[in-house]
file input24.txt (compact mmCIF, C-alpha atoms)
# COMPACT_ATOMS: atom_id res chain seq x y z
CA MET A 1 0.00 0.00 0.00
CA SER A 2 1.33 3.37 -1.06
CA GLY A 3 0.00 6.75 -2.10
CA ILE A 4 0.87 8.20 -5.48
CA ALA A 5 0.30 11.61 -7.06
CA GLY A 6 1.68 13.73 -9.86
CA ILE A 7 1.23 16.01 -12.86
CA SER A 8 2.18 15.91 -16.54
CA GLN A 9 4.55 18.86 -16.20
CA PRO A 10 8.11 19.01 -14.82
CA GLY A 11 9.20 21.29 -12.02
CA HIS A 12 6.07 20.98 -9.86
CA GLU A 13 7.73 19.52 -6.79
CA LEU A 14 5.92 21.85 -4.38
CA LEU A 15 2.52 21.00 -5.84
CA VAL A 16 3.15 17.26 -5.78
CA SER A 17 4.54 17.51 -2.25
CA GLU A 18 1.31 19.22 -1.17
CA MET A 19 -0.75 16.53 -2.90
CA LEU A 20 1.21 13.83 -1.12
CA GLY A 21 0.68 15.66 2.15
CA ARG A 22 -3.07 15.11 1.77
CA ILE A 23 -2.53 11.34 1.59
CA SER A 24 0.50 10.98 3.86
CA HIS A 25 -1.41 8.44 5.96
CA ARG A 26 -0.90 5.94 3.10
CA GLY A 27 2.86 5.73 3.73
CA GLY A 28 5.74 7.28 5.57
CA THR A 29 8.56 7.73 3.08
CA LYS A 30 8.08 10.52 0.51
CA GLN A 31 9.69 10.40 -2.91
CA ILE A 32 9.35 12.96 -5.72
CA ILE A 33 10.74 12.50 -9.22
CA THR A 34 10.97 15.31 -11.78
CA THR A 35 11.51 14.12 -15.36
CA TYR A 36 12.26 16.98 -17.76
CA LEU A 37 12.74 14.64 -20.71
CA GLN A 38 9.32 13.04 -20.14
CA SER A 39 7.77 16.31 -18.89
CA ALA A 40 6.30 15.11 -15.61
CA THR A 41 6.56 15.35 -11.84
CA LEU A 42 5.78 12.07 -10.03
CA GLY A 43 5.45 11.44 -6.31
CA ALA A 44 4.79 8.66 -3.85
CA VAL A 45 4.49 8.02 -0.15
CA THR A 46 5.45 4.43 0.47
CA HIS A 47 4.67 1.94 3.19
CA PRO A 48 7.61 -0.08 4.53
CA VAL A 49 7.64 -3.04 2.16
CA GLN A 50 6.52 -6.20 3.88
CA VAL A 51 6.19 -8.47 0.84
CA GLU A 52 8.14 -7.97 -2.38
CA PHE A 53 6.24 -9.19 -5.44
CA PRO A 54 8.03 -9.49 -8.78
CA ARG A 55 6.90 -6.73 -11.13
CA LYS A 56 7.56 -6.30 -14.83
CA PRO A 57 10.35 -3.74 -15.30
CA ARG A 58 9.21 -0.43 -16.76
CA LYS A 59 11.25 1.45 -19.32
CA TYR A 60 10.46 4.94 -18.04
CA PRO A 61 10.25 6.65 -14.61
CA ASN A 62 7.16 5.54 -12.71
CA VAL A 63 5.37 5.42 -9.37
CA CYS A 64 3.22 2.54 -8.21
CA ASP A 65 0.74 1.62 -5.48
CA SER A 66 1.15 -2.14 -5.36
CA LEU A 67 -0.33 -4.94 -3.26
CA GLY A 68 1.12 -7.63 -5.49
CA SER A 69 2.31 -8.25 -9.00
CA GLU A 70 -1.23 -7.87 -10.35
CA HIS A 71 -2.88 -5.67 -7.71
CA LEU A 72 -1.55 -2.24 -8.58
CA ALA A 73 -2.10 1.29 -9.78
CA LEU A 74 0.84 2.48 -11.85
CA VAL A 75 1.73 5.74 -13.55
CA GLU A 76 4.62 5.91 -15.99
CA ALA A 77 6.13 9.05 -17.52
CA THR A 78 6.63 8.11 -21.18
CA PRO A 79 8.02 10.41 -23.91
CA THR A 80 4.46 10.94 -25.18
CA GLY A 81 2.96 11.75 -21.77
CA LEU A 82 1.68 10.04 -18.65
CA LEU A 83 0.43 6.47 -18.88
CA LEU A 84 -2.02 5.49 -16.11
CA GLU A 85 -2.81 1.84 -15.48
CA ARG A 86 -5.03 0.06 -12.97
CA ASP A 87 -5.32 -3.65 -12.20
CA ALA A 88 -8.16 -5.73 -13.59
CA LEU A 89 -10.14 -5.77 -10.32
CA GLY A 90 -9.34 -2.26 -9.12
CA VAL A 91 -7.74 -3.39 -5.86
CA ALA A 92 -5.49 -0.32 -5.88
CA PRO A 93 -7.31 3.04 -6.29
CA LEU A 94 -6.47 5.64 -8.95
CA TYR A 95 -8.16 8.91 -9.87
CA TYR A 96 -7.28 11.64 -12.36
CA CYS A 97 -8.28 15.13 -13.44
CA PHE A 98 -7.12 17.96 -15.69
CA THR A 99 -6.00 21.42 -14.66
CA ASP A 100 -7.37 24.57 -16.29
CA GLU A 101 -4.26 24.51 -18.49
CA GLY A 102 -5.03 20.95 -19.60
CA ASP A 103 -2.33 19.17 -17.60
CA LEU A 104 -3.14 15.65 -16.43
CA CYS A 105 -2.98 15.04 -12.67
CA PHE A 106 -3.41 11.77 -10.81
CA ALA A 107 -3.66 10.56 -7.21
CA SER A 108 -4.67 7.61 -5.06
CA GLU A 109 -7.43 9.62 -3.34
CA ILE A 110 -9.51 12.59 -4.47
CA LYS A 111 -8.47 14.71 -1.50
CA ALA A 112 -5.07 15.05 -3.17
CA LEU A 113 -6.61 16.17 -6.48
CA MET A 114 -8.82 18.80 -4.86
CA ILE A 115 -5.78 21.09 -4.80
CA VAL A 116 -6.01 21.48 -8.58
CA SER A 117 -9.61 20.66 -9.59
CA ARG A 118 -13.18 19.91 -8.52
CA LYS A 119 -13.91 17.55 -11.41
CA PHE A 120 -12.46 14.06 -11.13
CA HIS A 121 -12.55 10.76 -12.94
CA VAL A 122 -11.95 7.29 -11.56
CA LEU A 123 -9.73 5.10 -13.72
CA PRO A 124 -11.83 1.96 -14.26
CA PRO A 125 -10.36 -1.44 -13.36
CA GLY A 126 -8.43 -3.02 -16.19
CA TYR A 127 -7.97 0.27 -18.07
CA ARG A 128 -5.06 2.35 -19.27
CA LEU A 129 -5.18 6.08 -19.86
CA SER A 130 -2.68 7.60 -22.28
CA GLY A 131 -3.23 11.31 -22.84
CA SER A 132 -6.99 11.45 -23.36
CA ARG A 133 -7.25 7.91 -24.72
CA LEU A 134 -8.90 5.43 -22.35
CA LYS A 135 -8.49 1.77 -23.32
CA CYS A 136 -9.48 -1.49 -21.64
CA TYR A 137 -6.64 -4.02 -21.49
CA ALA A 138 -8.08 -6.64 -19.11
CA ARG A 139 -11.53 -7.61 -17.86
CA LEU A 140 -13.17 -10.52 -16.11
CA LYS A 141 -14.76 -12.96 -18.53
CA LYS A 142 -17.07 -15.93 -18.18
CA LYS A 143 -15.12 -19.20 -18.47
CA THR A 144 -15.95 -22.75 -19.50
CA PRO A 145 -16.94 -24.66 -16.33
CA LEU A 146 -14.56 -27.32 -15.03
CA SER A 147 -15.55 -30.96 -15.51
CA LEU A 148 -13.80 -32.11 -12.32
CA THR A 149 -15.61 -33.66 -9.36
CA PRO A 150 -16.54 -31.41 -6.39
CA ALA A 151 -13.85 -33.11 -4.30
CA GLU A 152 -11.20 -32.38 -6.93
CA ILE A 153 -12.31 -28.77 -7.27
CA ALA A 154 -12.34 -28.26 -3.49
CA SER A 155 -8.82 -29.69 -3.24
CA GLU A 156 -7.51 -27.41 -5.98
CA LEU A 157 -9.25 -24.38 -4.47
CA ARG A 158 -7.68 -25.05 -1.09
CA ARG A 159 -4.24 -25.37 -2.70
CA LYS A 160 -4.67 -22.08 -4.56
CA LEU A 161 -5.76 -20.30 -1.38
CA GLU A 162 -2.86 -21.77 0.59
CA ASP A 163 -0.42 -20.57 -2.07
CA ALA A 164 -1.99 -17.11 -2.16
CA VAL A 165 -1.74 -16.77 1.63
CA ARG A 166 1.84 -18.04 1.65
CA ARG A 167 2.89 -15.45 -0.95
CA ARG A 168 1.67 -12.70 1.36
CA ILE A 169 3.11 -13.92 4.67
CA GLY A 170 6.35 -12.02 4.16
CA ASN A 171 8.38 -11.90 7.37
CA GLY A 172 5.44 -13.21 9.39
CA GLU A 173 4.37 -9.83 10.74
CA VAL A 174 0.79 -10.20 9.55
CA GLY A 175 -2.57 -10.57 11.22
CA SER A 176 -6.14 -11.08 10.10
CA TRP A 177 -9.33 -9.06 10.33
CA LEU A 178 -11.75 -11.63 11.69
CA SER A 179 -15.50 -11.26 11.45
CA GLY A 180 -16.14 -14.89 12.34
CA GLY A 181 -17.58 -15.47 8.88
CA LEU A 182 -16.37 -18.17 6.52
CA ASP A 183 -14.08 -16.00 4.38
CA SER A 184 -12.02 -14.20 7.03
CA SER A 185 -11.95 -17.29 9.25
CA GLY A 186 -10.73 -19.45 6.40
CA LEU A 187 -7.83 -17.14 5.63
CA ALA A 188 -6.85 -16.92 9.29
CA ALA A 189 -6.86 -20.71 9.54
CA LEU A 190 -4.72 -21.05 6.41
CA ALA A 191 -2.24 -18.45 7.69
CA ARG A 192 -1.91 -19.83 11.22
CA PRO A 193 0.54 -22.70 10.48
CA LEU A 194 2.78 -20.31 8.55
CA VAL A 195 3.55 -17.91 11.40
CA SER A 196 4.78 -18.30 14.96
CA LYS A 197 1.95 -16.08 16.23
CA LEU A 198 -1.17 -14.89 14.43
CA HIS A 199 -3.00 -11.81 15.69
CA THR A 200 -6.71 -11.63 14.85
CA PHE A 201 -8.99 -8.61 15.22
CA ALA A 202 -12.73 -8.13 15.57
CA ALA A 203 -15.08 -5.22 16.30
CA GLY A 204 -18.76 -4.95 17.15
CA LEU A 205 -21.43 -3.86 19.57
CA ARG A 206 -21.70 -5.81 22.79
CA GLY A 207 -23.43 -9.12 22.08
CA ALA A 208 -22.84 -8.89 18.32
CA PRO A 209 -22.72 -12.27 16.54
CA ASP A 210 -19.40 -11.43 14.86
CA LEU A 211 -17.66 -11.13 18.22
CA GLU A 212 -18.87 -14.54 19.33
CA PHE A 213 -17.93 -16.34 16.11
CA ALA A 214 -14.58 -14.53 15.82
CA ARG A 215 -13.62 -15.60 19.33
CA LEU A 216 -14.67 -19.18 18.59
CA CYS A 217 -12.52 -19.26 15.45
CA ALA A 218 -9.52 -17.60 17.11
CA ASP A 219 -9.57 -20.07 20.00
CA TYR A 220 -9.86 -23.00 17.59
CA ILE A 221 -6.82 -22.00 15.52
CA ASP A 222 -4.84 -20.79 18.57
CA ALA A 223 -4.60 -17.15 17.48
CA LYS A 224 -3.88 -14.15 19.70
CA HIS A 225 -7.27 -12.47 19.51
CA HIS A 226 -8.11 -8.80 20.05
CA GLN A 227 -11.51 -7.17 19.98
CA VAL A 228 -12.99 -3.74 20.40
CA ILE A 229 -16.52 -3.36 21.73
CA VAL A 230 -18.18 -0.20 20.47
CA GLY A 231 -21.29 1.64 21.62
CA PRO A 232 -23.64 3.82 19.54
CA LYS A 233 -21.98 7.05 20.77
CA ALA A 234 -18.56 5.86 19.64
CA MET A 235 -19.97 4.91 16.24
CA LEU A 236 -21.41 8.38 15.76
CA ALA A 237 -18.24 10.03 17.03
CA VAL A 238 -16.02 8.26 14.51
CA LEU A 239 -18.29 8.96 11.51
CA PRO A 240 -16.44 12.15 10.41
CA GLU A 241 -13.12 10.28 10.31
CA VAL A 242 -14.63 7.35 8.42
CA ILE A 243 -16.29 9.53 5.79
CA TYR A 244 -13.17 11.67 5.35
CA HIS A 245 -11.04 8.64 4.55
CA LEU A 246 -13.75 6.77 2.66
CA GLU A 247 -14.61 9.75 0.40
CA SER A 248 -18.18 8.56 0.07
CA PHE A 249 -21.63 9.07 1.54
CA ASP A 250 -23.18 5.89 0.10
CA ALA A 251 -25.25 4.67 3.03
CA LEU A 252 -24.45 0.96 2.92
CA LEU A 253 -20.78 1.60 2.23
CA VAL A 254 -20.42 4.01 5.14
CA ARG A 255 -22.38 1.74 7.45
CA SER A 256 -20.14 -1.22 6.64
CA SER A 257 -17.00 0.92 7.02
CA ILE A 258 -17.48 1.99 10.63
CA MET A 259 -16.53 -1.30 12.27
CA ASN A 260 -13.97 -1.98 9.52
CA TYR A 261 -12.31 1.36 10.31
CA LEU A 262 -12.23 0.60 14.03
CA VAL A 263 -10.90 -2.93 13.59
CA ALA A 264 -8.22 -1.57 11.23
CA LYS A 265 -7.23 0.96 13.88
CA LEU A 266 -6.97 -1.83 16.47
CA ALA A 267 -4.89 -3.99 14.14
CA SER A 268 -2.43 -1.16 13.41
CA ASP A 269 -1.25 -1.34 17.04
CA TYR A 270 0.04 -4.87 16.48
CA VAL A 271 0.86 -5.64 12.82
CA PRO A 272 1.71 -3.73 9.63
CA ALA A 273 -0.46 -5.96 7.43
CA VAL A 274 -3.62 -8.04 7.65
CA PHE A 275 -5.63 -10.50 5.61
CA SER A 276 -9.10 -9.44 4.51
CA GLY A 277 -11.78 -11.85 3.31
CA GLU A 278 -13.16 -9.39 0.75
CA GLY A 279 -14.16 -10.94 -2.56
CA GLY A 280 -15.23 -14.34 -1.26
CA ASP A 281 -18.95 -13.55 -1.40
CA GLU A 282 -18.77 -12.25 -4.95
CA LEU A 283 -16.73 -15.13 -6.34
CA PHE A 284 -18.50 -17.95 -4.48
CA ALA A 285 -22.11 -16.72 -4.28
CA GLY A 286 -22.36 -15.63 -0.66
CA TYR A 287 -25.32 -13.25 -0.81
CA ALA A 288 -28.88 -14.29 0.01
CA TYR A 289 -30.46 -12.56 -3.00
CA LEU A 290 -28.45 -14.81 -5.35
CA LYS A 291 -30.65 -17.72 -4.31
CA THR A 292 -33.58 -16.04 -6.07
CA LEU A 293 -31.84 -15.93 -9.45
CA PRO A 294 -32.24 -18.59 -12.15
CA THR A 295 -29.15 -20.79 -12.33
CA GLU A 296 -28.44 -19.70 -15.90
CA LYS A 297 -28.11 -16.06 -14.75
CA LEU A 298 -25.95 -16.68 -11.71
CA ALA A 299 -22.53 -16.74 -13.44
CA VAL A 300 -23.16 -13.40 -15.14
CA GLU A 301 -24.34 -11.85 -11.88
CA LEU A 302 -21.25 -13.03 -10.02
CA LEU A 303 -19.05 -11.51 -12.73
CA ASP A 304 -20.95 -8.25 -12.45
CA ILE A 305 -20.76 -7.87 -8.67
CA THR A 306 -17.08 -8.88 -8.66
CA SER A 307 -16.39 -6.20 -11.27
CA ARG A 308 -18.14 -3.62 -9.07
CA LEU A 309 -15.96 -4.19 -6.02
CA HIS A 310 -13.43 -1.51 -6.92
CA ASN A 311 -15.43 1.52 -5.77
CA THR A 312 -17.50 -0.10 -3.04
CA ALA A 313 -16.13 -2.92 -0.86
CA LEU A 314 -12.54 -2.68 -2.08
CA GLN A 315 -12.63 1.06 -1.51
CA ARG A 316 -13.70 0.37 2.07
CA VAL A 317 -10.86 -2.10 2.59
CA ASP A 318 -8.28 0.22 1.04
CA ARG A 319 -9.31 3.37 2.89
CA CYS A 320 -9.83 1.72 6.29
CA SER A 321 -6.40 0.08 6.20
CA ALA A 322 -4.62 3.06 4.61
CA ALA A 323 -6.10 5.45 7.17
CA HIS A 324 -4.03 3.69 9.82
CA GLY A 325 -0.93 3.11 7.71
CA THR A 326 -1.43 -0.63 7.26
CA VAL A 327 -1.74 -3.03 4.32
CA ALA A 328 -4.80 -5.23 3.74
CA HIS A 329 -4.22 -8.28 1.53
CA VAL A 330 -7.34 -9.42 -0.35
CA VAL A 331 -6.34 -13.04 -0.84
CA PHE A 332 -9.55 -14.17 -2.54
CA LEU A 333 -8.76 -11.73 -5.34
CA ASP A 334 -5.36 -13.25 -6.02
CA PRO A 335 -5.29 -13.70 -9.83
CA GLU A 336 -4.86 -17.48 -9.60
CA VAL A 337 -7.74 -17.83 -7.13
CA VAL A 338 -9.98 -15.63 -9.27
CA SER A 339 -9.11 -17.59 -12.41
CA LEU A 340 -10.07 -20.86 -10.75
CA ALA A 341 -13.21 -19.40 -9.18
CA LEU A 342 -14.48 -18.30 -12.59
CA GLU A 343 -14.17 -21.89 -13.82
CA ILE A 344 -16.08 -23.48 -10.94
CA PRO A 345 -19.64 -24.43 -11.97
CA VAL A 346 -22.22 -22.22 -10.27
CA GLU A 347 -24.11 -25.27 -8.98
CA HIS A 348 -21.07 -25.98 -6.78
CA LYS A 349 -21.08 -22.44 -5.41
CA LEU A 350 -24.78 -22.33 -4.59
CA HIS A 351 -25.69 -25.94 -3.86
CA LYS A 352 -29.13 -26.94 -2.56
CA GLY A 353 -29.59 -23.49 -1.02
CA VAL A 354 -26.18 -23.48 0.68
CA GLU A 355 -24.13 -20.44 -0.32
CA LYS A 356 -20.36 -20.83 -0.94
CA TRP A 357 -20.79 -24.62 -0.76
CA ILE A 358 -17.56 -25.44 -2.61
CA LEU A 359 -15.56 -23.02 -0.46
CA ARG A 360 -16.94 -24.70 2.66
CA ARG A 361 -15.78 -28.03 1.22
CA ALA A 362 -12.33 -26.59 0.56
CA LEU A 363 -12.00 -25.40 4.18
CA GLU A 364 -13.24 -28.57 5.87
CA GLY A 365 -11.12 -29.59 8.84
CA LEU A 366 -9.68 -26.10 9.33
CA LEU A 367 -12.55 -24.44 11.20
CA PRO A 368 -15.01 -25.27 13.98
CA GLU A 369 -18.33 -26.51 12.61
CA PRO A 370 -20.40 -23.47 13.69
CA VAL A 371 -18.05 -21.19 11.75
CA LEU A 372 -17.69 -23.50 8.76
CA ASN A 373 -21.48 -23.69 8.40
CA ARG A 374 -22.35 -20.14 9.48
CA PRO A 375 -24.83 -18.45 7.09
CA LYS A 376 -23.70 -15.24 5.44
CA ALA A 377 -24.26 -12.06 7.48
CA LYS A 378 -23.52 -8.59 6.13
CA PHE A 379 -20.57 -7.08 7.95
CA TRP A 380 -22.59 -4.28 9.53
CA GLU A 381 -25.28 -6.76 10.59
CA GLY A 382 -22.88 -9.28 12.07
CA ALA A 383 -21.06 -6.51 13.92
CA GLY A 384 -24.35 -5.43 15.51
CA VAL A 385 -24.69 -2.11 13.69
CA SER A 386 -28.09 -3.03 12.28
CA GLU A 387 -30.46 -0.05 12.17
CA ILE A 388 -28.80 2.08 14.88
CA LEU A 389 -27.54 4.70 12.44
CA ALA A 390 -30.73 4.76 10.40
CA ASP A 391 -32.79 5.20 13.57
CA TYR A 392 -30.56 8.05 14.71
CA ALA A 393 -30.99 9.84 11.38
CA GLU A 394 -34.75 9.28 11.50
CA LYS A 395 -34.95 11.01 14.88
CA HIS A 396 -32.78 13.98 13.91
CA ILE A 397 -33.89 14.72 10.33
CA SER A 398 -37.48 15.70 9.62
CA ASN A 399 -39.44 14.41 6.66
CA LYS A 400 -39.74 17.97 5.33
CA ASP A 401 -36.00 18.57 5.59
CA PHE A 402 -35.21 15.32 3.80
CA THR A 403 -37.69 16.00 0.99
CA GLN A 404 -36.34 19.50 0.39
CA VAL A 405 -32.64 18.62 0.20
CA ARG A 406 -32.42 15.00 -0.98
CA LYS A 407 -31.75 16.03 -4.60
CA ILE A 408 -28.18 17.25 -4.51
CA SER A 409 -27.64 17.39 -8.29
CA ASP A 410 -29.41 16.48 -11.52
CA LYS A 411 -27.82 13.03 -11.37
CA THR A 412 -27.61 12.33 -7.65
CA ILE A 413 -30.49 11.79 -5.24
CA LEU A 414 -30.05 10.76 -1.61
CA ASN A 415 -31.95 7.60 -0.83
CA SER A 416 -32.56 7.91 2.91
CA LYS A 417 -32.23 10.16 5.91
CA GLU A 418 -29.25 8.07 6.93
CA GLU A 419 -27.58 8.93 3.63
CA LEU A 420 -28.40 12.62 4.11
CA MET A 421 -26.69 12.47 7.50
CA TYR A 422 -23.58 11.04 5.85
CA TYR A 423 -23.74 13.52 2.97
CA ARG A 424 -23.75 16.46 5.35
CA ILE A 425 -20.54 15.19 6.94
CA PHE A 426 -19.09 14.53 3.49
CA ARG A 427 -19.94 18.10 2.41
CA GLU A 428 -18.23 19.53 5.51
CA HIS A 429 -15.03 17.75 4.48
CA PHE A 430 -15.13 18.18 0.72
CA GLY A 431 -17.76 20.78 -0.20
CA GLU A 432 -20.29 20.34 -2.99
CA PHE A 433 -19.69 18.80 -6.41
CA GLU A 434 -21.54 19.29 -9.67
CA ASP A 435 -20.40 15.86 -10.84
CA LEU A 436 -20.22 12.86 -8.51
CA SER A 437 -19.85 10.20 -11.20
CA TRP A 438 -16.45 9.25 -9.75
CA MET A 439 -18.10 8.03 -6.54
CA GLY A 440 -19.32 4.44 -6.43
CA ARG A 441 -22.82 3.52 -5.28
CA THR A 442 -24.06 0.20 -3.96
CA LYS A 443 -25.67 -1.97 -6.64
CA GLY A 444 -29.44 -2.02 -6.51
CA VAL A 445 -29.70 1.32 -4.69
CA PRO A 446 -31.15 4.13 -6.89
CA THR A 447 -28.77 6.96 -7.72
CA SER A 448 -31.19 9.28 -9.47

call {"tool": "encode", "arguments": {"input": "input24.txt", "output": "structure tokens"}}
result
Amino acid sequence: MSGIAGISQPGHELLVSEMLGRISHRGGTKQIITTYLQSATLGAVTHPVQVEFPRKPRKYPNVCDSLGSEHLALVEATPTGLLLERDALGVAPLYYCFTDEGDLCFASEIKALMIVSRKFHVLPPGYRLSGSRLKCYARLKKKTPLSLTPAEIASELRRKLEDAVRRRIGNGEVGSWLSGGLDSSGLAALARPLVSKLHTFAAGLRGAPDLEFARLCADYIDAKHHQVIVGPKAMLAVLPEVIYHLESFDALLVRSSIMNYLVAKLASDYVPAVFSGEGGDELFAGYAYLKTLPTEKLAVELLDITSRLHNTALQRVDRCSAAHGTVAHVVFLDPEVVSLALEIPVEHKLHKGVEKWILRRALEGLLPEPVLNRPKAKFWEGAGVSEILADYAEKHISNKDFTQVRKISDKTILNSKEELMYYRIFREHFGEFEDLSWMGRTKGVPTS
């Protein structure tokens, strides 16, 4: 995890330094490169490298935010101008804009770009931008289903996950966010034999199901477990910090980020990197609504929701970890794991009403039965957040007030009082925008 920023003009060290200052939480060491031949000023704040992944050498000066050989946002200063590139899943964030003079600027977060513009663009996953030319170079595609038996597929999936975890162990200073769900628990269990001590971290309201299941898993795998119990007042108090780092007011995204932000803060006291179970639900059919879809539409839907991760769930993971100067490894989105997952027949993912059936088979013997067979719970539900925030907004925002202000632009309409509450905090941090197309919204929630 790093932060990158720059401009397609040389000699702008002060500007780039100021941009990096806005995202200094993403790393400690600042580096600025001025290239007069390629006409650019590039900058980065870098996190102490915990895991070195091999990366294809680049011919020209460049800066990169990398979480692996294929999880990266890279900007290269070529003789014809800046080349921006983002990985196929959008694990690493990258935004860009143009100055009034037409110079291209880029950064890992929009707060860095606000120095030069109020109109931003998000570089889509799997795209390159060269000058004004935007071109797709990689995208997820539907694959021919494997003809192997479920036992063979489960064995191969477990091997791929083990390899993906092993590649990210580094010097062993790594922990795991642990919700007590199948995905995060599975990764913690796979990592445990590879380190002398594994720290696990959970957050929730008192009595929240996640806390109970996380403790059960941690005890089973002999991890050093840490938890933070949060009350409604603490949740409300941390909202401004969460929204500032998240750069979003999408209600479900903010709601799911509160406990993630707090658990990331807790983890930063013990380890520089953690495993996150993000991506498991999208690849292996973990959501309840998927059970209502015809089987023939399931593969396409899983492709779609996986492709949407970049500016929703992956944004949450990136910003919550980066806010506290840590790295979050999304193991399920390892290219080899993704490639295999796309070949697994959907009837093995959603089998007789059991979500993530093949993943459960792959993790058999590693987890206690209640965790292995735990039904999917949304992170904010399992953490006990439930309707606390929505109820608070309902009490403090009148129907008349909501009706009058919910339309914030021709293309953006707030969907609830809860979202209006978040938007007001967002506006205090960032002001108003004519164009919010760069900001992701949860699928299925109206945006206009």

call {"tool": "closest_residue", "arguments": {"input": "input24.txt", "among": "A:Val263, A:Val346, A:Ile408, A:Val371", "to": "Glu301 of chain A", "atoms": "all atoms listed in the file"}}
result
A:Val346

call {"tool": "closest_residue", "arguments": {"input": "input24.txt", "among": "A:Pro48, A:Gly280, A:Gly172, A:Gly126", "to": "Leu302 of chain A", "atoms": "all atoms listed in the file"}}
result
A:Gly280

call {"tool": "atom_distance", "arguments": {"input": "input24.txt", "atom1": "atom CA of Val195 of chain A", "atom2": "atom CA of Ala214 of chain A"}}
result
19.0 Å

call {"tool": "residues_around", "arguments": {"input": "input24.txt", "residues": "Pro125 of chain A", "least_positions_apart": "5", "cutoff": "6 Å", "atoms": "all atoms listed in the file", "output": "ChimeraX atom specification"}}
result
/A:86-90

call {"tool": "residues_around", "arguments": {"input": "input24.txt", "residues": "segment 57-70 of chain A", "least_positions_apart": "6", "cutoff": "10 Å", "atoms": "all atoms listed in the file", "output": "MDAnalysis selection string"}}
result
chainID A and resid 1:6 26 31:35 38 40:47 49:51 76:79 82:94 108 167:168 327:330 333:335

call {"tool": "closest_residue", "arguments": {"input": "input24.txt", "among": "A:Gln227, A:Thr403, A:Ser179, A:Ser321", "to": "Val242 of chain A", "atoms": "all atoms listed in the file"}}
result
A:Ser321

call {"tool": "residues_near_point", "arguments": {"input": "input24.txt", "point": "(-18.7, -2.6, 19.1)", "cutoff": "8 Å", "atoms": "only C-alpha atoms", "output": "list in words"}}
result
Ala203, Gly204, Leu205, Arg206, Ala208, Val228, Ile229, Val230, Gly231, Met259, Ala383 and Gly384 of chain A

call {"tool": "closest_residue", "arguments": {"input": "input24.txt", "among": "A:Asp103, A:Glu369, A:Asp281, A:Asp250", "to": "Gly131 of chain A", "atoms": "all atoms listed in the file"}}
result
A:Asp103

call {"tool": "axis_aligned_box", "arguments": {"input": "input24.txt", "around": "segment 356-367 of chain A", "padding_each_side": "6 Å", "output": "JSON"}}
result
{"center_x": -15.2, "center_y": -25.2, "center_z": 4.3, "size_x": 23.1, "size_y": 20.8, "size_z": 25.8}

call {"tool": "residues_around", "arguments": {"input": "input24.txt", "residues": "Ile221 of chain A", "least_positions_apart": "5", "cutoff": "8 Å", "atoms": "all atoms listed in the file", "output": "VMD selection string"}}
result
chain A and resid 189 192 366 to 367

call {"tool": "atom_distance", "arguments": {"input": "input24.txt", "atom1": "atom CA of Met19 of chain A", "atom2": "atom CA of Ala267 of chain A"}}
result
27.0 Å

call {"tool": "residues_around", "arguments": {"input": "input24.txt", "residues": "segment 151-159 of chain A", "least_positions_apart": "2", "cutoff": "12 Å", "atoms": "all atoms listed in the file", "output": "PyMOL selection string"}}
result
chain A and resi 145-149+161-166+186-187+189-190+284+332+334+336-345+348-349+356-366

call {"tool": "write_last_selection", "arguments": {"input": "input24.txt", "atoms": "C-alpha atoms", "output": "CSV table (one decimal), in the frame of the given file"}}
result
chain,number,residue,atom,x,y,z
A,145,PRO,CA,-16.9,-24.7,-16.3
A,146,LEU,CA,-14.6,-27.3,-15.0
A,147,SER,CA,-15.6,-31.0,-15.5
A,148,LEU,CA,-13.8,-32.1,-12.3
A,149,THR,CA,-15.6,-33.7,-9.4
A,161,LEU,CA,-5.8,-20.3,-1.4
A,162,GLU,CA,-2.9,-21.8,0.6
A,163,ASP,CA,-0.4,-20.6,-2.1
A,164,ALA,CA,-2.0,-17.1,-2.2
A,165,VAL,CA,-1.7,-16.8,1.6
A,166,ARG,CA,1.8,-18.0,1.6
A,186,GLY,CA,-10.7,-19.4,6.4
A,187,LEU,CA,-7.8,-17.1,5.6
A,189,ALA,CA,-6.9,-20.7,9.5
A,190,LEU,CA,-4.7,-21.0,6.4
A,284,PHE,CA,-18.5,-18.0,-4.5
A,332,PHE,CA,-9.6,-14.2,-2.5
A,334,ASP,CA,-5.4,-13.2,-6.0
A,336,GLU,CA,-4.9,-17.5,-9.6
A,337,VAL,CA,-7.7,-17.8,-7.1
A,338,VAL,CA,-10.0,-15.6,-9.3
A,339,SER,CA,-9.1,-17.6,-12.4
A,340,LEU,CA,-10.1,-20.9,-10.8
A,341,ALA,CA,-13.2,-19.4,-9.2
A,342,LEU,CA,-14.5,-18.3,-12.6
A,343,GLU,CA,-14.2,-21.9,-13.8
A,344,ILE,CA,-16.1,-23.5,-10.9
A,345,PRO,CA,-19.6,-24.4,-12.0
A,348,HIS,CA,-21.1,-26.0,-6.8
A,349,LYS,CA,-21.1,-22.4,-5.4
A,356,LYS,CA,-20.4,-20.8,-0.9
A,357,TRP,CA,-20.8,-24.6,-0.8
A,358,ILE,CA,-17.6,-25.4,-2.6
A,359,LEU,CA,-15.6,-23.0,-0.5
A,360,ARG,CA,-16.9,-24.7,2.7
A,361,ARG,CA,-15.8,-28.0,1.2
A,362,ALA,CA,-12.3,-26.6,0.6
A,363,LEU,CA,-12.0,-25.4,4.2
A,364,GLU,CA,-13.2,-28.6,5.9
A,365,GLY,CA,-11.1,-29.6,8.8
A,366,LEU,CA,-9.7,-26.1,9.3

call {"tool": "closest_residue", "arguments": {"input": "input24.txt", "among": "A:Lys141, A:Lys197, A:His310, A:Lys395", "to": "Val122 of chain A", "atoms": "only C-alpha atoms"}}
result
A:His310
